[in-house]
Every structure is written in C-alpha cells, then in structure tokens.
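Everything on this sheet refers to the single structure shown next.
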Amino acid sequence: MKILMVAAENDALPGGKVGGIGDVVRDIPKALAEQQQRVEVVLPGYGMFSTLASAQKVDTLAVHFAGMTHKVELYQLHNIYAGQNVVQWVLEHPLFSEAGRGQIYCDDPPDSPFASDATKFALFCAAVAKALCNGLFGQVDIIHLHDWHAAMLTVLRAFDPEYAALKAIPTVYTIHNLALQGTRPMAGSPSSLVAWFKDLKVEHNQVIDPRYPNCINPMRCGINLSDKVHVVSDSYAEEVLLPSEPHQGFFGGEGLEMDLQRAKDEGRLVGILNGCEYQQPSQPPCSFDVLNQQIHRDLLLWASRSEFVKSAHMIATARLNLWQQKQWQSPPVIVTSVGRLTTQKVSLLRLPLEDGRSALEHLLDKLEPVGVFILLGSGDKALEAFMTEVSAKRSHFLFLNGFSAALSDSLYQTGDLFVMPSSFEPCGISQMLAMRAGQPCLVHGVGGLNDTVKHLDNGFVFKGDNQLSQAAHLVACFSDAITLKQQQPQLWQSIQAAASTARFYWADAAKAYIERLYRPAISSSGRPLPGR
C-alpha cells in the first residue's frame with residue numbers, strides 16, 4: 001500500500017528535528033518500506049529544505065487561504081533513503097519560514113499561544129489537501145497525520161467541499177504529545193478558523209475545545225475526524241482515557257479523555273510502542289577524564305556563539321576544572337540525564353520535599369560520596385535558572401545548558417545510571433537510547449517508560465499517587481539504585497545486561513501499523529485492500 005505521512009518534523013532532513021516526532025517520522029517510513037510498503041513524507045520547507053541540492057521543484061499550487069489565493073511550491077527531495085521505497089517532499093511558502101530560515105516553530109507570547117504556528121500549519125494542511133486532490137502524490141491508500149500540526153487536514157477533509165475527494169482516502173492520526181493541542185479562537189483573530197477558511201461550515205461539537213467553547217482544538221479534530229487514532233505506547237493508551245489531575249501529578253487525557261474514550265469504544269484507538277534503531281554505537285564508552293575533555297570542548301563552542309557567556313557555562317567550566325584536579329579514590333558513579341527542560345520532563349526534580357529542599361538536592365545528597373550527576377538540556381528559562389543555581393551550590397552536579405548529539409551519545413555510552421523522571425511520557429526515546437548503550441534507567445512508571453523499563457530487571461521504576469509522593473519515591477528509588485550498585489555488583493551487572501539486550505524494534509512497530517492501523521482503516525472505508 002502507499003502511505004502519505006504529513007508532519008511538522010522529519011529528522012531524515014538536516015535540521016528537521018526538534019523533538020521525538022522527528023525521530024519517528026525519520027525511522028518508521030524506513031521500517032514500513034522494509035515491509036514492502038511505499039511511504040511518502042511531506043512537511044513544510046521552512047525556507048531551507050527546498051534549497052537543498054537534492055530538491056527538485058515539481059509544481060506550484062494555488063491554495064485558497066485567509067481570503068487570498070497563495071502560491072505554494074512543491075519540491076521532491078532526491079537521494080534521501082535512496083532505494084528504500086521512501087519519497088521525501090516539502091511544501092514551500094514565505095509563511096513557513098516566518099520564524100526564520102530553518103526554524104520549525106515560532107516562539108509566540110503567552111497571551112497568544114500557537115498563533116503563528118497554527119496559521120502556518122493551517123496553510124500547510126490546505127496545501128497538502130490541494131496536492132492530494134491534484135494527484136501530485138499519485139494514488140494514496142492511507143493518509144497518516146502526525147500531531148496537531150497536521151490535524152487541520154481532517155477538518156478540510158470532513159467539511160470543505162473543495163477537498164471532498166479526500167473522504168475516500170482513509171486517514172490515521174498519531175498523537176505524539178497530547179499536552180500540545182494547538183488551540184486557537186474560532187473567530188476574532190488573524191489566527192483563527194474563520195480567518196483561515198471564512199466560509200467553512202464545521203460541526204462545532206466535533207472541533208471546539210471542551211474547555212474553551214469559542215476555540216477550535218486541532219488535536220480534538222484529529223481525534224474525532226480520523227478513521228484510526230494512534231498513541232505511542234500501550235500504557236499511554238490507557239492513561240489518556242482518564243481525567244487529568246495535574247495537582248495530583250496525573251495528566252491523563254488533557255481534557256480530551258471523553259473523545260478518546262469514544263474513539264476506544266468505536267474501535268478506533270490503538271496503542272503501539274515506538275521503536276529504536278539498533279545499529280553499532282556511533283562511539284565506544286570513554287573514560288571519565290576523556291568525557292570531561294569532550295564536555296569542555298562543547299562548552300567552549302557554546303560560549304563562542306554569543307557575545308556574553310552564560311552563567312551556566314561559566315559554572316560548568318569551573319566545575320570541570322575542579323573535577324580534573326580532584327583525586328578520585330575510585331572511578332565515580334556517573335549519573336546522567338539528557339532531554340528538553342520542560343515541566344513534563346523535570347518538574348519532579350524541582351519539587352520541594354518536606355524539608356523545603358528540592359528533590360534534585362536530595363538526589364545529590366545520596367550521590368555525593370560516590371559519584372557525579374551530569375544533566376544535559378535546555379528549554380524553559382525558569383528551569384534553566386533552577387538547574388544553574390543548584391549547579392553553583394553542589395560540587396558534584398554538572399548542568400550543561402545546551403545540546404550536542406555527540407555529547408548525548410557519550411553520556412549514553414559512558415554513564416552508569418540514566419535518570420528520566422518525566423511526569424508523563426507518551427513513549428520516550430532517551431530511555432531506549434540509554435538502554436541500548438547498556439546504561440540502566442531510573443524512570444517514572446508512566447506511559448512508554450512503564451512499557452520499556454522493568455523494576456530490578458532492566459532498570460529502576462518509581463511511582464506515586466501525587467506529585468509529592470512521586471518526588472519522594474524518586475529519591476528513595478535513586479538511593480536504592482546507588483546502594484545496589486555499590487553493594488550488589490552481580491545484581492547490578494545483571495540489570496545492566498538486561499538493559500543492553502532489551503529490544504524495541506521499528507520492524508515490530510511497522511507490522512503493528514499495517515495490521516492494527518492501516519488495514520482496519522481501509523477495511524472500514526469499504527475500499528479494497530491493496531495487494532501489498
């Protein structure tokens with residue numbers, strides 16, 4: 001069969017990734033192609049991908065949007081995954097590079113969240129719909145949409161007479177992050193449904209935000225208007241059916257649990273775990289001294305990119321110098337963490353426990369005599385400031401405020417224990433990468449973390465009924481893990497071996513896509529199943 005994937009990110013293209021969606025859209029097409037399926041992927045060009053040497057202009061589309069006819073150019077990218085039955089496309093328009101050339105997302109102020117991006121992706125969806133109706137992608141058996149950025153296509157498919165032909169093509173919708181929903185006003189703003197598609201008549205009960213009745217919720221549109229809805233782990237497929245209770249540390253269906261429960265009752269909701277690539281490691285483990293030297297090089301590079309040096313970089317440099325001068329009695333236990341600094345990922349580390357000190361400081365108390373904690377990440381400014389302040393106070397905590405793929409690999413390869421205390425995690429990739437490198441993980445038992453890490457088997461898992469108990473159990477589990485490593489080396493080696501041999505193959509995910517998403521969607525549409 002032929003699948004058209006529509007997404008905002010694709011790490012198959014240089015600079016095409018911000019988060020985990022980019023990994024998935026890079027890897028699952030290859031896995032599906034190995035199952036003899038044909039996959040075509042389309043995303044915005046962001047003013048950059050259309051300028052690649054392999055980009056060839058195919059057509060110019062006349063797209064009706066925001067009261068005007070816009071010219072959107074379609075490019076095919078050659079020599080990417082050549083011979084693997086995967087075709088890459090990009091659509092280009094000045095609006096797609098509004099945030100700057102190559103920038104995928106805009107940084108809108110809090111009083112108008114998603115405004116720029118929602119307009120950009122609404123035009124993108126209209127252009128994809130136009131290209132489909134014009135036959136530029138050939139005969140497509142399945143449209144596969146990824147996250148809220150692509151969800152407006154379901155609205156046009158369902159309600160716009162210009163794109164009525166798309167109703168005949170079964171549509172699958174994948175939720176990568178239910179917390180980001182792209183909600184915008186129905187009217188009264190340049191970034192609103194009425195401003196984009198003035199005469200579009202929609203069924204409000206399927207598209208409005210349940211919490212903001214004057215707003216359209218693209219995530220909800222994707223859930224209600226698609227033939228199949230896919231979430232990226234089995235545990236998360238159960239969690240999203242329950243109401244969110246953030247004050248209790250449970251994030252559930254993020255206000256869309258009734259729609260997701262209806263999708264389950266109708267047989268449309270499917271949980272399929274993401275996979276991981278299992279090729280040879282890009283680099284072997286290195287010693288603590290060599291790791292410090294690599295970190296020092298990256299710190300200098302980051303500092304060179306700005307006229308003023310961040311305090312986080314200055315503190316990290318001082319910390320490295322201290323570590324290099326210290327006489328370690330034995331190699332330190334190296335605890336690592338890699339990821340975006342968001343409330344989802346690290347809010348439990350910041351949470352104060354009963355004595356008023358943060359959970360992170362309590363972890364460092366447990367670690368101080370025997371090891372160091374290296375955390376690589378950037379994101380929320382308040383969380384960056386918190387990490388910087390703790391790093392200034394605690395001599396065995398190193399906060400690296402940036403990102404480097406090579407340094408991430410080194411931390412996966414060299415660390416002894418990987419910490420991933422996400423409050424919720426639809427799937428997660430960092431734990432798979434750490435386990436692949438033989439580093440056991442300590443995780444919160446939610447979503448995909450619960451489906452990949454097993455307590456005292458291939459890692460360590462904590463849970464809790466509310467945020468305070470989650471943070472307390474995080475500290476206790478961490479203490480137990482460090483003690484186990486020090487006092488029960490044989491059990492530690494067994495856990496380490498189990499982590500390194502755990503496998504979550506994209507081939508298994510691809511087979512599940514075919515059998516649980518694509519074929520049922522085609523069958524329910526009444527169309528004959530493709531021969532392959």
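All residue names refer to the structure tokens as shown: chains lettered A, B, ... in order, residues numbered from 1 in each chain, ligands numbered from 1 in order.
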
task: Assign secondary structure with DSSP using the backbone only, and return the residues of range 1-234 of chain A in helix (DSSP H, G or I) as a ChimeraX atom specification.
output: /A:20-33,49-51,94-97,115-133,148-150,152-159,161-168,193-196,204-207,218-225,234

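Near range 18-27 of chain A, within a cut-off of 7 Å and counting only C-alpha atoms, sit the residues Glu9, Asn10, Asp11, Ala12, Ala31 and His176 of chain A, with same-chain residues fewer than 4 positions away left out.
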
Filtering to all heavy atoms, could you give me those residues as a PDB file, in the first residue's frame?
```pdb
ATOM      1  N   GLU A   9       7.870  17.714  11.535  1.00  0.00           N
ATOM      2  CA  GLU A   9       9.287  17.412  11.732  1.00  0.00           C
ATOM      3  C   GLU A   9       9.651  16.127  11.002  1.00  0.00           C
ATOM      4  O   GLU A   9       8.815  15.236  10.830  1.00  0.00           O
ATOM      5  CB  GLU A   9       9.608  17.238  13.217  1.00  0.00           C
ATOM      6  CG  GLU A   9       9.325  18.443  14.083  1.00  0.00           C
ATOM      7  CD  GLU A   9       9.672  18.188  15.545  1.00  0.00           C
ATOM      8  OE1 GLU A   9      10.613  17.422  15.819  1.00  0.00           O
ATOM      9  OE2 GLU A   9       8.982  18.749  16.424  1.00  0.00           O
ATOM     10  N   ASN A  10      10.931  16.037  10.618  1.00  0.00           N
ATOM     11  CA  ASN A  10      11.427  14.832   9.952  1.00  0.00           C
ATOM     12  C   ASN A  10      12.952  14.854  10.017  1.00  0.00           C
ATOM     13  O   ASN A  10      13.598  15.613   9.292  1.00  0.00           O
ATOM     14  CB  ASN A  10      10.944  14.782   8.503  1.00  0.00           C
ATOM     15  CG  ASN A  10      11.449  13.552   7.768  1.00  0.00           C
ATOM     16  OD1 ASN A  10      12.078  12.676   8.357  1.00  0.00           O
ATOM     17  ND2 ASN A  10      11.181  13.488   6.478  1.00  0.00           N
ATOM     18  N   ASP A  11      13.519  14.052  10.887  1.00  0.00           N
ATOM     19  CA  ASP A  11      14.966  14.061  11.087  1.00  0.00           C
ATOM     20  C   ASP A  11      15.726  13.386   9.944  1.00  0.00           C
ATOM     21  O   ASP A  11      16.958  13.335   9.980  1.00  0.00           O
ATOM     22  CB  ASP A  11      15.320  13.376  12.417  1.00  0.00           C
ATOM     23  CG  ASP A  11      16.733  13.680  12.873  1.00  0.00           C
ATOM     24  OD1 ASP A  11      17.168  14.830  12.707  1.00  0.00           O
ATOM     25  OD2 ASP A  11      17.410  12.756  13.390  1.00  0.00           O
ATOM     26  N   ALA A  12      15.007  12.905   8.934  1.00  0.00           N
ATOM     27  CA  ALA A  12      15.699  12.439   7.730  1.00  0.00           C
ATOM     28  C   ALA A  12      16.336  13.613   6.987  1.00  0.00           C
ATOM     29  O   ALA A  12      17.250  13.420   6.187  1.00  0.00           O
ATOM     30  CB  ALA A  12      14.720  11.716   6.803  1.00  0.00           C
ATOM     31  N   ALA A  31      11.128   1.522   8.187  1.00  0.00           N
ATOM     32  CA  ALA A  31      10.653   0.230   8.673  1.00  0.00           C
ATOM     33  C   ALA A  31       9.460  -0.261   7.860  1.00  0.00           C
ATOM     34  O   ALA A  31       9.340  -1.463   7.572  1.00  0.00           O
ATOM     35  CB  ALA A  31      10.284   0.339  10.153  1.00  0.00           C
ATOM     36  N   HIS A 176       1.557  12.303  19.351  1.00  0.00           N
ATOM     37  CA  HIS A 176       2.883  12.203  19.951  1.00  0.00           C
ATOM     38  C   HIS A 176       2.934  12.905  21.301  1.00  0.00           C
ATOM     39  O   HIS A 176       3.629  12.455  22.214  1.00  0.00           O
ATOM     40  CB  HIS A 176       3.935  12.811  19.019  1.00  0.00           C
ATOM     41  CG  HIS A 176       4.087  12.075  17.729  1.00  0.00           C
ATOM     42  ND1 HIS A 176       4.930  10.983  17.589  1.00  0.00           N
ATOM     43  CD2 HIS A 176       3.500  12.245  16.530  1.00  0.00           C
ATOM     44  CE1 HIS A 176       4.864  10.536  16.343  1.00  0.00           C
ATOM     45  NE2 HIS A 176       3.992  11.282  15.685  1.00  0.00           N
TER      46      HIS A 176
END
```

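Close contacts of Asn134 in chain A, defined as residues with an atom at most 10 Å away when counting only C-alpha atoms, with chain neighbours fewer than 5 positions off set aside, comprise Leu61, Val128 and Ala129 of chain A.
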
Keeping all heavy atoms, export the residues of the selection given above as a PDB file, in the first residue's frame.
```
ATOM      1  N   LEU A  61       1.196  25.201  -6.441  1.00  0.00           N
ATOM      2  CA  LEU A  61      -0.212  25.018  -6.111  1.00  0.00           C
ATOM      3  C   LEU A  61      -0.874  26.363  -5.846  1.00  0.00           C
ATOM      4  O   LEU A  61      -0.269  27.245  -5.220  1.00  0.00           O
ATOM      5  CB  LEU A  61      -0.347  24.135  -4.870  1.00  0.00           C
ATOM      6  CG  LEU A  61       0.274  22.741  -4.949  1.00  0.00           C
ATOM      7  CD1 LEU A  61       0.436  22.155  -3.563  1.00  0.00           C
ATOM      8  CD2 LEU A  61      -0.597  21.837  -5.806  1.00  0.00           C
ATOM      9  N   VAL A 128      -1.329  20.573   1.385  1.00  0.00           N
ATOM     10  CA  VAL A 128      -1.275  19.112   1.252  1.00  0.00           C
ATOM     11  C   VAL A 128      -2.581  18.593   0.662  1.00  0.00           C
ATOM     12  O   VAL A 128      -2.589  17.734  -0.236  1.00  0.00           O
ATOM     13  CB  VAL A 128      -1.006  18.447   2.618  1.00  0.00           C
ATOM     14  CG1 VAL A 128      -1.100  16.921   2.490  1.00  0.00           C
ATOM     15  CG2 VAL A 128       0.368  18.837   3.149  1.00  0.00           C
ATOM     16  N   ALA A 129      -3.706  19.137   1.155  1.00  0.00           N
ATOM     17  CA  ALA A 129      -5.009  18.727   0.630  1.00  0.00           C
ATOM     18  C   ALA A 129      -5.111  19.030  -0.867  1.00  0.00           C
ATOM     19  O   ALA A 129      -5.610  18.203  -1.657  1.00  0.00           O
ATOM     20  CB  ALA A 129      -6.121  19.431   1.399  1.00  0.00           C
TER      21      ALA A 129
END
```

Please report as JSON lines every residue of range 81-156 of chain A lying within 12 Å of range 191-207 of chain A, along with the nearest atom pair and their distance in Å (one decimal), using only C-alpha atoms.
```
{"residue": "A:Asp108", "atom": "CA", "partner": "A:Ser191", "partner_atom": "CA", "distance": 11.8}
{"residue": "A:Ser112", "atom": "CA", "partner": "A:Ser191", "partner_atom": "CA", "distance": 9.1}
{"residue": "A:Pro113", "atom": "CA", "partner": "A:Ser191", "partner_atom": "CA", "distance": 10.2}
{"residue": "A:Phe114", "atom": "CA", "partner": "A:Ser191", "partner_atom": "CA", "distance": 8.7}
{"residue": "A:Ala115", "atom": "CA", "partner": "A:Ser191", "partner_atom": "CA", "distance": 5.5}
{"residue": "A:Ser116", "atom": "CA", "partner": "A:Ser191", "partner_atom": "CA", "distance": 7.1}
{"residue": "A:Asp117", "atom": "CA", "partner": "A:Ser191", "partner_atom": "CA", "distance": 9.0}
{"residue": "A:Ala118", "atom": "CA", "partner": "A:Ser191", "partner_atom": "CA", "distance": 6.9}
{"residue": "A:Thr119", "atom": "CA", "partner": "A:Ser191", "partner_atom": "CA", "distance": 5.6}
{"residue": "A:Lys120", "atom": "CA", "partner": "A:Ser191", "partner_atom": "CA", "distance": 9.3}
{"residue": "A:Phe121", "atom": "CA", "partner": "A:Trp196", "partner_atom": "CA", "distance": 10.8}
{"residue": "A:Ala122", "atom": "CA", "partner": "A:Trp196", "partner_atom": "CA", "distance": 7.4}
{"residue": "A:Leu123", "atom": "CA", "partner": "A:Trp196", "partner_atom": "CA", "distance": 7.9}
{"residue": "A:Phe124", "atom": "CA", "partner": "A:Trp196", "partner_atom": "CA", "distance": 11.5}
{"residue": "A:Cys125", "atom": "CA", "partner": "A:Trp196", "partner_atom": "CA", "distance": 11.3}
{"residue": "A:Ala126", "atom": "CA", "partner": "A:Phe197", "partner_atom": "CA", "distance": 9.7}
{"residue": "A:Ala151", "atom": "CA", "partner": "A:Val207", "partner_atom": "CA", "distance": 10.6}
{"residue": "A:Met152", "atom": "CA", "partner": "A:Leu193", "partner_atom": "CA", "distance": 9.6}
{"residue": "A:Thr154", "atom": "CA", "partner": "A:Val207", "partner_atom": "CA", "distance": 10.2}
{"residue": "A:Val155", "atom": "CA", "partner": "A:Val202", "partner_atom": "CA", "distance": 7.7}
{"residue": "A:Leu156", "atom": "CA", "partner": "A:Leu200", "partner_atom": "CA", "distance": 8.4}
```

Would you write out, as a Markdown table, a table of all residues in range 115-152 of chain A that have an atom no more than 9 Å from an atom of range 73-85 of chain A, listing for each the closest atom pair and the distance in Å to one decimal, considering only C-alpha atoms and ordering rows by chain and rising residue number?
```
| residue | atom | partner | partner_atom | distance |
| --- | --- | --- | --- | --- |
| A:Ala127 | CA | A:Glu73 | CA | 8.9 |
| A:Ala131 | CA | A:Leu74 | CA | 8.3 |
| A:Leu136 | CA | A:Leu74 | CA | 9.0 |
```

How close does each residue of range 334-417 of chain A get to range 247-259 of chain A, giving the shortest atom pair and distance in Å to one decimal for every residue with an atom at most 12 Å away, counting only C-alpha atoms, sorted by chain and residue number, as JSON lines?
```
{"residue": "A:Thr343", "atom": "CA", "partner": "A:Gly249", "partner_atom": "CA", "distance": 11.3}
{"residue": "A:Gln344", "atom": "CA", "partner": "A:Phe251", "partner_atom": "CA", "distance": 9.6}
{"residue": "A:Ser347", "atom": "CA", "partner": "A:Gly249", "partner_atom": "CA", "distance": 10.2}
{"residue": "A:Leu348", "atom": "CA", "partner": "A:Gly249", "partner_atom": "CA", "distance": 9.3}
{"residue": "A:Leu351", "atom": "CA", "partner": "A:Gly249", "partner_atom": "CA", "distance": 11.3}
```

Any chance you could export the current selection's N, CA and C atoms as a short mmCIF file (atom, residue, chain, number, x, y, z; two decimals), in the first residue's frame?
```
data_model
loop_
_atom_site.label_atom_id
_atom_site.label_comp_id
_atom_site.auth_asym_id
_atom_site.auth_seq_id
_atom_site.Cartn_x
_atom_site.Cartn_y
_atom_site.Cartn_z
N THR A 343 8.41 21.30 31.99
CA THR A 343 7.73 20.83 33.21
C THR A 343 7.41 19.35 33.11
N GLN A 344 7.10 18.87 31.91
CA GLN A 344 6.84 17.45 31.73
C GLN A 344 8.05 16.61 32.13
N SER A 347 9.96 18.56 36.16
CA SER A 347 9.33 19.30 37.27
C SER A 347 9.47 18.56 38.59
N LEU A 348 9.53 17.22 38.57
CA LEU A 348 9.69 16.47 39.82
C LEU A 348 11.04 16.75 40.47
N LEU A 351 10.63 19.91 42.54
CA LEU A 351 9.60 19.91 43.58
C LEU A 351 10.23 19.88 44.97
#
```

message: Using only C-alpha atoms, which protein or nucleic acid residues come within 10 Å of range 233-245 of chain A? Drop anything in the same chain fewer than 6 positions from it, and give the result as a VMD selection string.
response: chain A and resid 176 178 251 to 264 269 to 274 424 to 428 445 to 452 466

task: Report the distance between CA of Asn217 in chain A and CA of Leu153 in chain A in Å, rounded to one decimal place.
output: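 Result for CA of Asn217 in chain A versus CA of Leu153 in chain A: 12.9 Å, one decimal.
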